[in-house]
2 protein chains.
Amino acid sequence: MSELRYNILTRDWVIIATERAKRPEAFRRPAAEVAVLPGYDKSCPFCPGNEGDLSDETFRLGDKNAWRVRSVYNKFPALSPATEEVRRPNLLYNSMSGFGVHEVIVEHPRHDMNIALMSEGEVEDIIRTYKERYLSIQKDRRIEAIIIFKNQGPSAGASQRHPHSQLVATPIVPPHIRNRMDQATRYFDGAGRCIFCRILEDELKFKERIVLETGHFVAYMPYASYVPFTMIVQPKRHAPSFDEISEDEIKDLAKCLKVTLGKLYKGLGDPDYNYTIRSIPIREKGVEYFHWTLNIVPRLTQPAGFEMGSGIFINTALPEEAARFLRNIK
Amino acid sequence: MSELRYNILTRDWVIIATERAKRPEAFRRPAAEVAVLPGYDKSCPFCPGNEGDLSDETFRLGDKNAWRVRSVYNKFPALSPATEEVRRPNLLYNSMSGFGVHEVIVEHPRHDMNIALMSEGEVEDIIRTYKERYLSIQKDRRIEAIIIFKNQGPSAGASQRHPHSQLVATPIVPPHIRNRMDQATRYFDGAGRCIFCRILEDELKFKERIVLETGHFVAYMPYASYVPFTMIVQPKRHAPSFDEISEDEIKDLAKCLKVTLGKLYKGLGDPDYNYTIRSIPIREKGVEYFHWTLNIVPRLTQPAGFEMGSGIFINTALPEEAARFLRNIK
């Protein structure tokens, strides 16, 4: 018998379709289909030695010829800082020029590397780079919000296999952030506290949806998970914006992320996935009602016409079972 | 230079990424990759002679052994009418039992058929079946909304190749309908008329995003299209709910849908797509502010981490160019 669950943060209902449900291990990619990549690919623009193929570097950890992590402008940017910000207000046909920033963070010199397989120090360097870029880009007062995200594997929309993340800074508040702010504000107005803090407190009590707890972070599956094995990695300390992360927390997040993605890698056979970091808009920092999170979304199923038409997702894995499965992967 | 456009109906921004834009013909599927299907597949549960493999029939046009269109309960339903409606209200962990209806509409006896290739009469029969099921299922007062949709091809989430649509009746108002109702109400309160009627009037004046106009329907690309070649098929007459469609309009919609999908089929090499029909909730019929539509969403690109994190879609085709391309396909 299937169940509908309500996501208070988005006002979305999700169908947990137990009639169609699969065992957690049924989502595993067969070993023969796991991509085997070379350590170096001479046609890859992100591999060492090919740096000239890229647009200008914006930041680097390590030497020019022995870098560990580097960020560059995206060669085919969705939004560009060279574009003048021009708004054309109109009730029904509102538009603006494509001003913004779109950078690529090359996570590691090796073409075949994967966060699940890196050392904790290497993952720390990626997070330090995220923070540096976040702090630097937000100085432009025309930027309203910054989204950091990762597309891992072709079905997650990655056009390059070399390990990389991206950062897009937008001149508008993205709807997925605005909607959560609206809902979090309503909860705050009634309960007087951050809804994300409250949910984390509950989840740590319930235990059944927790995948991993480290010193400063918790990885858990949301109660109304809209796809199988989706996880939230949330800081325990109340903080509305990612760039407030401390050096201690960077070290702990590196550990939490590496182990959590390692559980996916080992348990489900290197699945494709996306992760995204959502924060409060740049000029609204310090609020009590919002909390930054890193959301991991494995690409194990294909949303179809029902999801598109209704906005209701059909999830074929019970979050509690999926969480138990990953907890037990060492 | 890319452009951001605002969708007043959803409050979503879309990036029209002209830096990454492709020519319309670049979205065409190579001829060698177009699936060639047999007219009959003995392992297909939807093919004539295999009706016993399916759950109970709910409706049929034609004789038992010479049916034209039939509807059956989905064998693996997301929601089931046999489930008792039980609500478990809770602020943060709200849930209810999976009560609802999930039917499959088998569109044609032939395994290799496609709406683009059917006769107008055959498409009319599909739409008549949609209407009959809509009218019949809404009698259950526990049903709040009905979504009709089609998954065409594997990348659109179809697990069966035999031509079919689906219908899901939900005990809740789906978020994609509720959000559009909220926005349409706001416009109505200010302007005193249906925003969908107003947009259609504008589009018929602008002409540049129109793909096809028939007697009672218009197929056009939305100003803030979130994916390449997405189209809205909208009745000219103000009507909030699909089941208000008249016999004349059924005939005209059959023609409009067949020709529009035929343009996609010929112009883009039989692409995978979804379409969905959205109506006002069952118990709110007759309102002045809402309008039913059929939305066609071809599966030509893969949304990635940015779309997931932000809710902002990056569209690599200019709607005006894509519409001109399809207008010229005969």
# chains A, B, ... in the order shown; residues from 1 in each chain; ligands from 1
$ interface_residues --of "chain B" --to "chain A" --cutoff "8 Å" --atoms "only C-alpha atoms" --output "VMD selection string"
chain B and resid 1 to 8 11 to 13 15 17 19 to 20 76 to 79 83 91 to 98 147 to 151 155 to 158 168 174 to 177 199 223 274 to 278 302 to 306 308 to 312 314
$ residues_around --residues "Glu213 (chain A)" --least-positions-apart "5" --cutoff "10 Å" --atoms "only C-alpha atoms" --output "PyMOL selection string"
chain A and resi 204+218-220+233-234+236+256+260
$ select_by_dssp --residues "region 61-158 of chain B" --states "strand (DSSP E or B)" --output "PyMOL selection string"
chain B and resi 61-63+66-73+80+87-88+95-97+99+101-106+145-152
$ write_last_selection --atoms "N, CA and C atoms" --output "mmCIF file, in the first residue's frame"
data_model
loop_
_atom_site.group_PDB
_atom_site.id
_atom_site.type_symbol
_atom_site.label_atom_id
_atom_site.label_comp_id
_atom_site.auth_asym_id
_atom_site.auth_seq_id
_atom_site.Cartn_x
_atom_site.Cartn_y
_atom_site.Cartn_z
ATOM 1 N N LEU B 61 -13.561 1.326 -26.485
ATOM 2 C CA LEU B 61 -14.223 1.752 -27.711
ATOM 3 C C LEU B 61 -14.011 0.617 -28.706
ATOM 4 N N GLY B 62 -15.099 0.098 -29.271
ATOM 5 C CA GLY B 62 -14.986 -1.032 -30.208
ATOM 6 C C GLY B 62 -15.347 -2.335 -29.516
ATOM 7 N N ASP B 63 -15.320 -3.426 -30.274
ATOM 8 C CA ASP B 63 -15.682 -4.736 -29.738
ATOM 9 C C ASP B 63 -14.557 -5.312 -28.890
ATOM 10 N N ALA B 66 -12.107 -6.542 -31.182
ATOM 11 C CA ALA B 66 -11.680 -5.594 -32.221
ATOM 12 C C ALA B 66 -11.788 -4.185 -31.637
ATOM 13 N N TRP B 67 -11.089 -3.982 -30.504
ATOM 14 C CA TRP B 67 -11.146 -2.692 -29.829
ATOM 15 C C TRP B 67 -10.277 -1.662 -30.553
ATOM 16 N N ARG B 68 -10.658 -0.400 -30.364
ATOM 17 C CA ARG B 68 -9.870 0.688 -30.957
ATOM 18 C C ARG B 68 -9.020 1.356 -29.879
ATOM 19 N N VAL B 69 -9.650 1.650 -28.724
ATOM 20 C CA VAL B 69 -8.951 2.229 -27.566
ATOM 21 C C VAL B 69 -9.529 1.537 -26.344
ATOM 22 N N ARG B 70 -8.713 1.264 -25.345
ATOM 23 C CA ARG B 70 -9.256 0.725 -24.101
ATOM 24 C C ARG B 70 -8.479 1.270 -22.901
ATOM 25 N N SER B 71 -9.151 1.319 -21.765
ATOM 26 C CA SER B 71 -8.462 1.746 -20.542
ATOM 27 C C SER B 71 -8.535 0.617 -19.530
ATOM 28 N N VAL B 72 -7.466 0.479 -18.760
ATOM 29 C CA VAL B 72 -7.377 -0.580 -17.742
ATOM 30 C C VAL B 72 -6.749 0.013 -16.482
ATOM 31 N N TYR B 73 -6.952 -0.647 -15.330
ATOM 32 C CA TYR B 73 -6.210 -0.249 -14.131
ATOM 33 C C TYR B 73 -4.736 -0.528 -14.355
ATOM 34 N N SER B 80 -4.166 3.655 -5.394
ATOM 35 C CA SER B 80 -5.155 2.622 -5.665
ATOM 36 C C SER B 80 -6.527 2.948 -5.067
ATOM 37 N N ARG B 87 -6.067 9.878 6.601
ATOM 38 C CA ARG B 87 -5.168 11.023 6.739
ATOM 39 C C ARG B 87 -4.542 11.022 8.118
ATOM 40 N N ARG B 88 -3.252 11.357 8.147
ATOM 41 C CA ARG B 88 -2.525 11.436 9.414
ATOM 42 C C ARG B 88 -1.935 12.838 9.541
ATOM 43 N N SER B 95 1.097 12.853 6.504
ATOM 44 C CA SER B 95 1.033 11.795 5.494
ATOM 45 C C SER B 95 -0.395 11.312 5.329
ATOM 46 N N MET B 96 -0.638 10.536 4.279
ATOM 47 C CA MET B 96 -1.938 9.894 4.104
ATOM 48 C C MET B 96 -1.742 8.616 3.303
ATOM 49 N N SER B 97 -2.751 7.781 3.332
ATOM 50 C CA SER B 97 -2.674 6.511 2.607
ATOM 51 C C SER B 97 -2.738 6.779 1.105
ATOM 52 N N PHE B 99 -4.518 6.420 -1.439
ATOM 53 C CA PHE B 99 -5.793 6.309 -2.141
ATOM 54 C C PHE B 99 -5.745 7.130 -3.427
ATOM 55 N N VAL B 101 -6.614 6.824 -8.102
ATOM 56 C CA VAL B 101 -6.869 5.964 -9.263
ATOM 57 C C VAL B 101 -5.698 6.115 -10.224
ATOM 58 N N HIS B 102 -5.273 5.027 -10.806
ATOM 59 C CA HIS B 102 -4.170 5.053 -11.773
ATOM 60 C C HIS B 102 -4.532 4.120 -12.934
ATOM 61 N N GLU B 103 -4.888 4.700 -14.065
ATOM 62 C CA GLU B 103 -5.301 3.902 -15.219
ATOM 63 C C GLU B 103 -4.345 4.093 -16.398
ATOM 64 N N VAL B 104 -4.332 3.086 -17.265
ATOM 65 C CA VAL B 104 -3.563 3.155 -18.510
ATOM 66 C C VAL B 104 -4.557 3.197 -19.656
ATOM 67 N N ILE B 105 -4.359 4.093 -20.600
ATOM 68 C CA ILE B 105 -5.200 4.146 -21.797
ATOM 69 C C ILE B 105 -4.381 3.604 -22.965
ATOM 70 N N VAL B 106 -4.763 2.427 -23.462
ATOM 71 C CA VAL B 106 -4.060 1.839 -24.610
ATOM 72 C C VAL B 106 -4.652 2.505 -25.844
ATOM 73 N N ALA B 145 -8.220 15.952 -7.893
ATOM 74 C CA ALA B 145 -7.701 16.389 -9.195
ATOM 75 C C ALA B 145 -7.375 15.191 -10.073
ATOM 76 N N ILE B 146 -7.400 15.421 -11.393
ATOM 77 C CA ILE B 146 -7.080 14.369 -12.362
ATOM 78 C C ILE B 146 -6.025 14.911 -13.328
ATOM 79 N N ILE B 147 -4.959 14.145 -13.463
ATOM 80 C CA ILE B 147 -3.873 14.481 -14.396
ATOM 81 C C ILE B 147 -3.847 13.407 -15.480
ATOM 82 N N ILE B 148 -3.935 13.809 -16.747
ATOM 83 C CA ILE B 148 -3.773 12.884 -17.865
ATOM 84 C C ILE B 148 -2.391 13.147 -18.448
ATOM 85 N N PHE B 149 -1.649 12.104 -18.738
ATOM 86 C CA PHE B 149 -0.301 12.328 -19.273
ATOM 87 C C PHE B 149 0.119 11.184 -20.170
ATOM 88 N N LYS B 150 1.144 11.464 -20.946
ATOM 89 C CA LYS B 150 1.689 10.473 -21.870
ATOM 90 C C LYS B 150 3.205 10.494 -21.763
ATOM 91 N N ASN B 151 3.814 9.309 -21.642
ATOM 92 C CA ASN B 151 5.264 9.163 -21.685
ATOM 93 C C ASN B 151 5.598 8.479 -23.003
ATOM 94 N N GLN B 152 6.221 9.181 -23.930
ATOM 95 C CA GLN B 152 6.536 8.614 -25.246
ATOM 96 C C GLN B 152 8.034 8.360 -25.332
#
$ residues_around --residues "region 34-43 of chain A" --least-positions-apart "5" --cutoff "6 Å" --atoms "only C-alpha atoms" --output "list of chain:residue names"
A:Arg110, A:His111, A:Asp112
$ atom_distance --atom1 "CA of Ala323 (chain B)" --atom2 "CA of Met221 (chain B)"
6.5 Å
$ closest_residue --among "B:Ala239, B:Ile329, B:Leu268, B:Met181" --to "Glu25 (chain B)" --atoms "only C-alpha atoms"
B:Leu268
